[in-house]
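Colleague: Sharing model_37.cif here; it has mmCIF, C-alpha atoms.
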data_query
#
loop_
_atom_site.label_atom_id
_atom_site.label_comp_id
_atom_site.auth_asym_id
_atom_site.auth_seq_id
_atom_site.Cartn_x
_atom_site.Cartn_y
_atom_site.Cartn_z
CA MET A 1 -38.93 43.13 -11.57
CA ILE A 2 -40.01 39.90 -9.88
CA GLY A 3 -39.34 38.06 -13.11
CA THR A 4 -35.75 39.27 -13.32
CA PHE A 5 -35.23 38.65 -9.57
CA ARG A 6 -36.44 35.06 -10.07
CA ALA A 7 -34.19 34.71 -13.11
CA ALA A 8 -31.23 36.04 -11.09
CA LEU A 9 -31.95 33.49 -8.31
CA ALA A 10 -32.18 30.69 -10.85
CA VAL A 11 -28.83 31.70 -12.37
CA ALA A 12 -27.30 31.94 -8.88
CA GLY A 13 -28.68 28.48 -8.11
CA ILE A 14 -27.14 27.01 -11.24
CA ALA A 15 -23.87 28.83 -10.59
CA CYS A 16 -23.75 27.17 -7.13
CA ALA A 17 -24.61 23.74 -8.55
CA VAL A 18 -21.93 23.83 -11.29
CA PRO A 19 -18.88 23.78 -8.96
CA LEU A 20 -20.45 20.80 -7.11
CA VAL A 21 -20.98 18.97 -10.41
CA LEU A 22 -17.43 19.80 -11.49
CA ALA A 23 -16.06 18.62 -8.14
CA GLN A 24 -17.96 15.34 -8.45
CA SER A 25 -16.75 14.69 -12.01
CA ALA A 26 -13.19 15.54 -10.93
CA ALA A 27 -13.45 12.97 -8.13
CA ASP A 28 -14.86 10.41 -10.60
CA GLU A 29 -12.01 11.05 -13.03
CA ILE A 30 -9.45 10.63 -10.27
CA GLU A 31 -11.15 7.35 -9.34
CA LYS A 32 -10.95 6.17 -12.97
CA TYR A 33 -7.26 7.12 -13.08
CA ARG A 34 -6.60 5.20 -9.88
CA ARG A 35 -8.35 2.11 -11.20
CA ALA A 36 -6.21 2.28 -14.37
CA LEU A 37 -3.07 2.43 -12.21
CA GLN A 38 -4.20 -0.69 -10.31
CA ASP A 39 -2.94 -2.86 -13.21
CA GLY A 40 0.73 -2.03 -12.77
CA ASN A 41 0.56 -1.57 -9.00
CA PRO A 42 4.17 -1.61 -7.76
CA ALA A 43 2.82 -2.98 -4.46
CA GLU A 44 3.14 -6.40 -6.13
CA LEU A 45 6.92 -5.98 -5.98
CA TRP A 46 6.68 -5.49 -2.20
CA GLU A 47 4.40 -8.54 -1.91
CA ALA A 48 6.95 -10.65 -3.78
CA ARG A 49 9.82 -9.39 -1.61
CA GLY A 50 7.72 -9.98 1.52
CA GLU A 51 6.97 -13.56 0.54
CA GLU A 52 10.68 -14.23 0.07
CA MET A 53 11.42 -12.63 3.43
CA TRP A 54 8.72 -14.72 5.15
CA LYS A 55 10.34 -17.92 3.87
CA ALA A 56 13.99 -16.87 4.25
CA ARG A 57 16.12 -17.84 7.23
CA ALA A 58 17.23 -14.77 9.17
CA GLY A 59 18.30 -13.50 12.56
CA PRO A 60 20.61 -15.05 15.18
CA LYS A 61 18.45 -18.21 15.28
CA ASN A 62 18.70 -18.50 11.47
CA ALA A 63 15.02 -19.37 11.20
CA SER A 64 12.23 -18.36 8.83
CA LEU A 65 8.88 -16.83 9.81
CA GLU A 66 6.95 -19.82 8.51
CA ARG A 67 5.99 -20.91 12.04
CA CYS A 68 4.74 -17.44 12.97
CA ASP A 69 1.21 -17.59 14.35
CA LEU A 70 -0.81 -14.62 13.08
CA GLY A 71 -3.89 -15.83 14.93
CA LYS A 72 -5.10 -18.65 12.71
CA GLY A 73 -2.38 -21.14 13.61
CA PRO A 74 1.40 -21.28 13.03
CA GLY A 75 2.22 -20.39 9.44
CA VAL A 76 -1.37 -19.71 8.36
CA VAL A 77 -1.18 -16.45 6.40
CA LYS A 78 -4.32 -16.66 4.26
CA GLY A 79 -7.12 -14.59 5.77
CA ALA A 80 -5.09 -13.71 8.87
CA TYR A 81 -5.12 -9.92 8.35
CA ALA A 82 -8.92 -9.79 8.19
CA GLU A 83 -9.05 -11.00 11.82
CA LEU A 84 -6.38 -8.65 13.17
CA PRO A 85 -5.94 -7.03 15.63
CA ARG A 86 -6.57 -9.82 18.10
CA TYR A 87 -5.57 -10.95 21.57
CA PHE A 88 -2.56 -13.25 21.67
CA ALA A 89 -2.20 -15.43 24.77
CA ASP A 90 1.55 -15.95 24.39
CA ALA A 91 2.14 -12.20 24.56
CA ASP A 92 -0.87 -11.59 26.83
CA ARG A 93 -1.87 -8.52 24.87
CA VAL A 94 -3.75 -7.30 21.83
CA MET A 95 -1.55 -7.07 18.73
CA ASP A 96 -1.98 -5.72 15.22
CA LEU A 97 -0.09 -7.22 12.27
CA GLU A 98 3.07 -5.19 12.71
CA SER A 99 3.40 -5.75 16.45
CA ARG A 100 2.81 -9.47 15.84
CA LEU A 101 5.52 -9.52 13.15
CA VAL A 102 7.91 -7.86 15.61
CA TRP A 103 6.98 -10.56 18.15
CA CYS A 104 7.66 -13.37 15.67
CA ARG A 105 10.96 -11.87 14.53
CA VAL A 106 12.07 -11.79 18.17
CA ALA A 107 10.65 -15.17 19.24
CA LEU A 108 11.39 -17.22 16.10
CA GLN A 109 14.37 -15.46 14.56
CA GLY A 110 16.05 -14.34 17.78
CA MET A 111 16.29 -10.64 16.92
CA THR A 112 16.28 -8.05 19.66
CA GLU A 113 13.08 -6.01 19.82
CA ALA A 114 15.07 -2.91 18.82
CA ASP A 115 16.41 -4.64 15.69
CA ALA A 116 13.00 -6.03 14.77
CA LYS A 117 11.48 -2.53 15.01
CA ARG A 118 14.30 -0.73 13.23
CA ASN A 119 13.53 1.28 10.07
CA PRO A 120 9.80 0.47 9.88
CA PHE A 121 9.09 3.01 7.11
CA GLY A 122 11.35 2.67 4.11
CA SER A 123 12.95 5.09 1.69
CA PRO A 124 14.70 4.54 -1.67
CA GLU A 125 18.01 4.44 0.20
CA ARG A 126 16.81 2.08 2.95
CA LYS A 127 14.14 -0.48 2.13
CA ALA A 128 12.01 -1.50 5.11
CA ASP A 129 11.66 -5.22 5.82
CA MET A 130 8.43 -4.57 7.70
CA GLU A 131 6.69 -2.97 4.70
CA ALA A 132 7.50 -5.97 2.51
CA LEU A 133 6.25 -8.44 5.14
CA VAL A 134 3.05 -6.44 5.65
CA ALA A 135 2.48 -6.30 1.87
CA TYR A 136 2.79 -10.09 1.62
CA VAL A 137 0.60 -10.92 4.61
CA THR A 138 -2.14 -8.40 3.73
CA GLY A 139 -2.11 -9.55 0.10
CA GLU A 140 -3.08 -13.01 1.36
CA SER A 141 -6.29 -11.53 2.81
CA ARG A 142 -7.40 -9.87 -0.40
CA GLY A 143 -11.15 -10.33 -0.87
CA VAL A 144 -11.66 -11.72 2.64
CA LYS A 145 -14.39 -10.02 4.71
CA MET A 146 -13.11 -8.09 7.73
CA ASN A 147 -13.90 -10.15 10.81
CA VAL A 148 -12.34 -8.66 13.94
CA SER A 149 -13.72 -10.19 17.14
CA LEU A 150 -14.21 -8.35 20.43
CA ASP A 151 -14.84 -11.59 22.33
CA HIS A 152 -11.80 -11.20 24.59
CA PRO A 153 -12.05 -8.56 27.35
CA LYS A 154 -8.68 -7.08 26.38
CA MET A 155 -10.00 -6.58 22.83
CA ARG A 156 -13.01 -4.71 24.21
CA GLU A 157 -10.64 -2.60 26.30
CA ALA A 158 -8.47 -1.85 23.24
CA TYR A 159 -11.58 -0.85 21.26
CA ALA A 160 -12.73 1.51 24.03
CA VAL A 161 -9.27 3.09 24.31
CA GLY A 162 -9.06 3.43 20.53
CA GLU A 163 -12.44 5.13 20.44
CA LYS A 164 -11.34 7.56 23.13
CA ILE A 165 -8.16 8.38 21.20
CA PHE A 166 -10.18 8.90 18.02
CA PHE A 167 -12.25 11.65 19.62
CA PHE A 168 -9.48 13.09 21.81
CA ARG A 169 -8.64 16.68 20.93
CA GLY A 170 -5.08 17.78 21.51
CA GLY A 171 -1.93 19.23 20.06
CA PRO A 172 -1.36 22.86 19.04
CA HIS A 173 -4.32 22.77 16.63
CA ASP A 174 -6.67 21.10 19.10
CA PHE A 175 -7.31 18.40 16.47
CA ALA A 176 -8.76 14.97 16.99
CA CYS A 177 -8.99 12.22 14.37
CA ALA A 178 -12.68 13.15 14.32
CA THR A 179 -11.85 16.71 13.31
CA CYS A 180 -10.96 15.51 9.80
CA HIS A 181 -12.69 12.15 9.77
CA GLY A 182 -15.90 12.83 11.66
CA GLU A 183 -18.10 14.26 8.88
CA ASP A 184 -19.05 13.53 5.28
CA GLY A 185 -17.60 15.50 2.41
CA LYS A 186 -14.38 16.70 4.05
CA ARG A 187 -11.09 16.96 2.23
CA ILE A 188 -7.51 18.18 2.69
CA ARG A 189 -6.48 20.09 -0.42
CA LEU A 190 -7.50 17.64 -3.16
CA GLN A 191 -7.58 14.49 -1.02
CA ASP A 192 -11.09 13.36 -0.05
CA LEU A 193 -11.25 12.18 3.56
CA PRO A 194 -13.35 9.16 4.57
CA ASN A 195 -15.88 9.76 7.31
CA LEU A 196 -14.66 7.12 9.76
CA THR A 197 -17.71 7.59 12.00
CA SER A 198 -19.99 6.20 9.29
CA LYS A 199 -20.07 2.48 8.45
CA ALA A 200 -19.32 3.00 4.76
CA GLY A 201 -16.51 5.48 5.44
CA ALA A 202 -14.95 3.25 8.10
CA GLN A 203 -15.00 0.26 5.75
CA LYS A 204 -13.48 2.13 2.82
CA GLY A 205 -10.92 3.87 5.04
CA TYR A 206 -9.55 0.69 6.59
CA THR A 207 -9.71 -1.83 3.75
CA THR A 208 -7.53 0.19 1.36
CA TRP A 209 -4.41 0.16 3.51
CA PRO A 210 -1.59 -0.82 3.05
CA ALA A 211 -1.12 0.94 -0.25
CA TYR A 212 1.61 1.97 -2.67
CA ARG A 213 1.87 5.73 -2.28
CA VAL A 214 2.82 6.96 -5.76
CA SER A 215 4.01 10.33 -4.44
CA GLN A 216 6.45 8.58 -2.11
CA GLY A 217 7.32 5.64 -4.33
CA GLU A 218 6.94 3.34 -1.33
CA LEU A 219 4.40 0.93 0.10
CA ARG A 220 2.87 2.40 3.28
CA THR A 221 1.25 0.38 6.04
CA PHE A 222 -1.52 1.17 8.51
CA GLN A 223 0.99 1.92 11.25
CA TRP A 224 2.53 4.44 8.86
CA ARG A 225 -0.87 5.99 8.16
CA LEU A 226 -1.57 6.53 11.86
CA ASN A 227 1.95 7.84 12.45
CA ASP A 228 1.50 10.32 9.60
CA CYS A 229 -1.93 11.44 10.83
CA PHE A 230 -0.36 12.25 14.20
CA ARG A 231 2.33 14.22 12.39
CA GLN A 232 -0.28 16.16 10.42
CA GLN A 233 -2.13 16.92 13.65
CA ARG A 234 1.17 18.13 15.14
CA PHE A 235 0.78 15.50 17.90
CA PRO A 236 3.86 13.91 19.55
CA GLU A 237 5.16 10.98 17.50
CA LEU A 238 2.99 7.86 17.59
CA GLU A 239 5.52 5.17 18.45
CA PHE A 240 5.71 2.22 16.08
CA THR A 241 3.51 -0.64 17.41
CA SER A 242 2.79 1.25 20.64
CA PRO A 243 -0.31 0.15 22.65
CA ALA A 244 -1.99 3.43 21.58
CA SER A 245 -1.45 2.63 17.91
CA VAL A 246 -2.79 -0.91 18.40
CA ALA A 247 -5.85 0.38 20.28
CA LEU A 248 -6.64 2.90 17.55
CA THR A 249 -6.17 0.17 14.90
CA THR A 250 -8.52 -2.11 16.85
CA PHE A 251 -11.21 0.59 16.91
CA LEU A 252 -10.91 1.28 13.17
CA ALA A 253 -10.54 -2.36 12.07
CA TYR A 254 -13.58 -3.56 14.04
CA ASN A 255 -15.63 -0.70 12.57
CA ALA A 256 -14.73 -1.99 9.11
CA ASN A 257 -16.13 -5.47 9.82
CA GLY A 258 -18.14 -6.96 6.98
CA ALA A 259 -16.30 -5.21 4.16
CA ALA A 260 -14.09 -7.16 1.79
CA PHE A 261 -10.42 -6.37 2.32
CA ASP A 262 -9.07 -4.76 -0.84
CA ALA A 263 -5.35 -4.12 -0.42
CA PRO A 264 -2.45 -3.67 -1.09
CA ALA A 265 -3.98 -0.84 -3.08
CA ILE A 266 -2.52 2.17 -4.84
CA LYS A 267 -2.92 5.77 -3.67
CA ARG A 268 -1.74 9.22 -4.74
CA MET B 1 21.33 -9.40 -10.51
CA ALA B 2 18.70 -6.86 -9.58
CA ASP B 3 15.28 -7.60 -8.06
CA PRO B 4 12.92 -9.71 -10.21
CA MET B 5 10.20 -8.19 -12.37
CA LYS B 6 6.60 -9.40 -12.58
CA ILE B 7 5.51 -10.42 -16.07
CA ARG B 8 2.04 -11.42 -17.22
CA ALA B 9 1.39 -12.55 -20.80
CA ASN B 10 -2.05 -13.44 -22.20
CA VAL B 11 -3.33 -14.46 -25.60
CA VAL B 12 -5.84 -11.92 -26.94
CA GLY B 13 -7.21 -12.87 -30.33
CA ASP B 14 -4.26 -13.39 -32.67
CA SER B 15 -1.90 -11.35 -30.47
CA THR B 16 -0.23 -11.66 -27.12
CA GLU B 17 -0.67 -8.92 -24.54
CA VAL B 18 2.30 -8.54 -22.19
CA LYS B 19 2.38 -6.53 -18.97
CA VAL B 20 5.64 -6.04 -17.10
CA LEU B 21 6.25 -4.42 -13.73
CA MET B 22 9.96 -3.68 -13.24
CA ASN B 23 11.66 -3.09 -9.93
CA HIS B 24 13.90 -0.05 -10.37
CA GLU B 25 14.49 3.27 -8.60
CA MET B 26 14.80 5.20 -11.91
CA GLU B 27 16.68 8.17 -10.45
CA THR B 28 16.63 11.15 -12.83
CA GLY B 29 19.83 12.68 -11.50
CA GLN B 30 17.95 15.89 -10.68
CA ARG B 31 16.78 14.95 -7.19
CA LYS B 32 18.57 16.14 -4.05
CA ASP B 33 18.72 14.05 -0.87
CA ALA B 34 18.07 15.26 2.69
CA GLN B 35 21.67 16.54 2.97
CA GLY B 36 21.32 18.59 -0.23
CA LYS B 37 23.55 16.33 -2.34
CA THR B 38 22.35 15.45 -5.82
CA VAL B 39 21.24 11.83 -6.04
CA PRO B 40 23.14 10.43 -9.05
CA ALA B 41 21.21 9.37 -12.17
CA TRP B 42 20.41 5.66 -12.35
CA PHE B 43 17.80 4.46 -14.78
CA ILE B 44 16.92 1.69 -17.22
CA GLN B 45 18.24 2.57 -20.67
CA ASN B 46 17.32 -0.44 -22.75
CA VAL B 47 14.44 -2.92 -22.68
CA THR B 48 14.19 -5.90 -25.01
CA ALA B 49 11.38 -8.42 -25.25
CA THR B 50 11.85 -11.69 -27.15
CA TRP B 51 9.55 -14.53 -28.12
CA ASN B 52 10.61 -17.69 -29.97
CA GLY B 53 14.04 -16.14 -30.54
CA LYS B 54 12.52 -13.06 -32.22
CA THR B 55 12.79 -9.57 -30.76
CA VAL B 56 9.24 -8.28 -30.44
CA LEU B 57 10.01 -5.03 -28.63
CA ASN B 58 13.05 -2.84 -28.22
CA ALA B 59 12.90 0.31 -26.14
CA GLN B 60 15.39 3.07 -25.32
CA TRP B 61 14.42 4.83 -22.12
CA GLY B 62 15.61 8.02 -20.49
CA PRO B 63 15.18 9.61 -17.06
CA ALA B 64 11.57 10.61 -17.88
CA VAL B 65 10.31 7.11 -17.05
CA SER B 66 9.09 6.87 -13.44
CA LYS B 67 10.14 4.62 -10.62
CA ASN B 68 9.04 0.96 -10.82
CA PRO B 69 8.13 1.21 -14.51
CA PHE B 70 5.04 -0.56 -15.80
CA LEU B 71 5.24 -1.56 -19.46
CA ALA B 72 2.30 -3.00 -21.41
CA PHE B 73 2.49 -3.98 -25.08
CA LYS B 74 1.03 -6.35 -27.67
CA PHE B 75 2.69 -8.39 -30.40
CA LYS B 76 1.19 -10.50 -33.20
CA GLY B 77 1.54 -14.19 -32.61
CA GLY B 78 2.19 -16.21 -29.49
CA ALA B 79 0.32 -19.22 -28.16
CA LYS B 80 -0.46 -20.54 -24.71
CA GLY B 81 2.54 -22.22 -23.09
CA GLU B 82 5.19 -20.38 -25.11
CA LYS B 83 7.68 -18.15 -23.35
CA VAL B 84 8.35 -14.41 -23.44
CA GLN B 85 11.66 -13.02 -22.11
CA ILE B 86 12.17 -9.45 -20.97
CA THR B 87 15.65 -8.02 -20.47
CA TRP B 88 16.60 -4.60 -19.22
CA THR B 89 19.99 -2.90 -18.82
CA ASP B 90 20.55 0.30 -16.89
CA SER B 91 22.95 3.23 -16.78
CA LYS B 92 25.16 1.51 -14.17
CA GLY B 93 25.58 -1.51 -16.41
CA ASP B 94 23.28 -3.67 -14.26
CA LYS B 95 20.89 -5.98 -16.09
CA ARG B 96 17.99 -8.29 -15.38
CA THR B 97 16.24 -10.96 -17.44
CA ASP B 98 12.98 -12.66 -16.54
CA GLU B 99 10.75 -15.07 -18.36
CA ALA B 100 7.02 -15.71 -18.33
CA THR B 101 4.76 -18.32 -19.86
CA ILE B 102 1.95 -17.08 -22.07
CA ALA B 103 -1.41 -17.94 -20.51
#
Let me see whether you can do it: turn the structure in this file into structure tokens.
Modeller:
Amino acid sequence: MIGTFRAALAVAGIACAVPLVLAQSAADEIEKYRRALQDGNPAELWEARGEEMWKARAGPKNASLERCDLGKGPGVVKGAYAELPRYFADADRVMDLESRLVWCRVALQGMTEADAKRNPFGSPERKADMEALVAYVTGESRGVKMNVSLDHPKMREAYAVGEKIFFFRGGPHDFACATCHGEDGKRIRLQDLPNLTSKAGAQKGYTTWPAYRVSQGELRTFQWRLNDCFRQQRFPELEFTSPASVALTTFLAYNANGAAFDAPAIKR
Amino acid sequence: MADPMKIRANVVGDSTEVKVLMNHEMETGQRKDAQGKTVPAWFIQNVTATWNGKTVLNAQWGPAVSKNPFLAFKFKGGAKGEKVQITWTDSKGDKRTDEATIA
């Protein structure tokens, strides 16, 4: 009797372990598949288009973006993304890459802010300039260790606001970012979710955006990722380059400090 | 001319390995847009690769090939510094040729 009970428990134990093992090998296989896709990553096409756009004359002032200061000096693109977001004295506020690009398109190329912000997330019918520029600039930080500084008081403020937003529960589902990203081992359908409250999760989560989203056939930026998270939470729309989006980016980017930036990547 | 493609060519033993990333929407003609209208078919139909005047690859594609196609192939021969040309033509009659130096 006891023997068969023990045997039944052992079988039950194995039966519980098998799905876990299967889930792990499925995740490994998906990882292998993703690494194989890395070779022909269409993000390179966005990087090439972005580089052209950076150097091309555009806007009412017919100027290029080559004098744009991304924080390391006018025109210095290499390594700039790894230090963003940062405080910019000329704008007197904290900016992430996309808000800084909007600033430069207005200041250097003479566009109106509305024009510079138009169509930030592209589709096959309407390519987005912003996605190409982001692909180019982030590509120039590939391999560079994340190094966001909270030296400036406004950066510390942005970090604190971002942290508050991360844990803020709202919307019809009473979700916060932390609801999905606050624990290990969570997933939505078949997509594993990084635990952004752990160092490793925060580093992996931030350093793999922007990425070419195969299912959408487009390159998606970090602003897009936050916008889409808000949509999934059924929150009101997160405005493109809004102070809230920059604060949340500051919180997540600083938490990724120390990790090598590894994008533009490729995702499902 | 359409957007440029990215070509990488490397010598591997006595062959050359070529990897091409093409910029193309590759519409199947089955998709419907947000208004419910069918998005017309538009895809690469022919791909030719040449080296030293010789055709080393010829491909006839249909709508099954995905957006931004990635093509990798090997051919016998090729040395560092020589050139490989890739040409594609699509169903709208558009074409694109790009060249790369074998590394």
Colleague: Which polymer residues have any atom within 8 Å of an atom of B:Gln85, counting all atoms listed in the file, with same-chain residues fewer than 5 positions away left out, as a compact mmCIF listing (two decimals) with C-alpha atoms, in the frame of the given file?
Modeller:
# COMPACT_ATOMS: atom_id res chain seq x y z
CA ALA B 49 11.38 -8.42 -25.25
CA THR B 50 11.85 -11.69 -27.15
CA TRP B 51 9.55 -14.53 -28.12
CA THR B 97 16.24 -10.96 -17.44
CA ASP B 98 12.98 -12.66 -16.54
CA GLU B 99 10.75 -15.07 -18.36
CA ALA B 100 7.02 -15.71 -18.33
Colleague: For the file shown, what are the residues hit by the PyMOL selection byres ((chain B and resi 16-22) around 8), laid out as a PyMOL selection string?
Modeller: (chain A and resi 40-42+45) or (chain B and resi 4-15+23-24+68-79+102)
Colleague: Which residues match the PyMOL selection byres ((chain B and resi 81) around 6) in the file above, as a list in words?
Modeller: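 The output of the PyMOL selection byres ((chain B and resi 81) around 6) on this file is Lys80, Glu82, Thr101 and Ile102 of chain B.
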Colleague: When you draw a straight line from atom CA of A:Gly258 to atom CA of A:Val144, how long is it in Å?
Modeller: 9.1 Å
Colleague: Atom CA of A:Phe235 to atom CA of A:Gly171: how many Å, to one decimal?
Modeller: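 Calculated distance between atom CA of A:Phe235 and atom CA of A:Gly171 is 5.1 Å.
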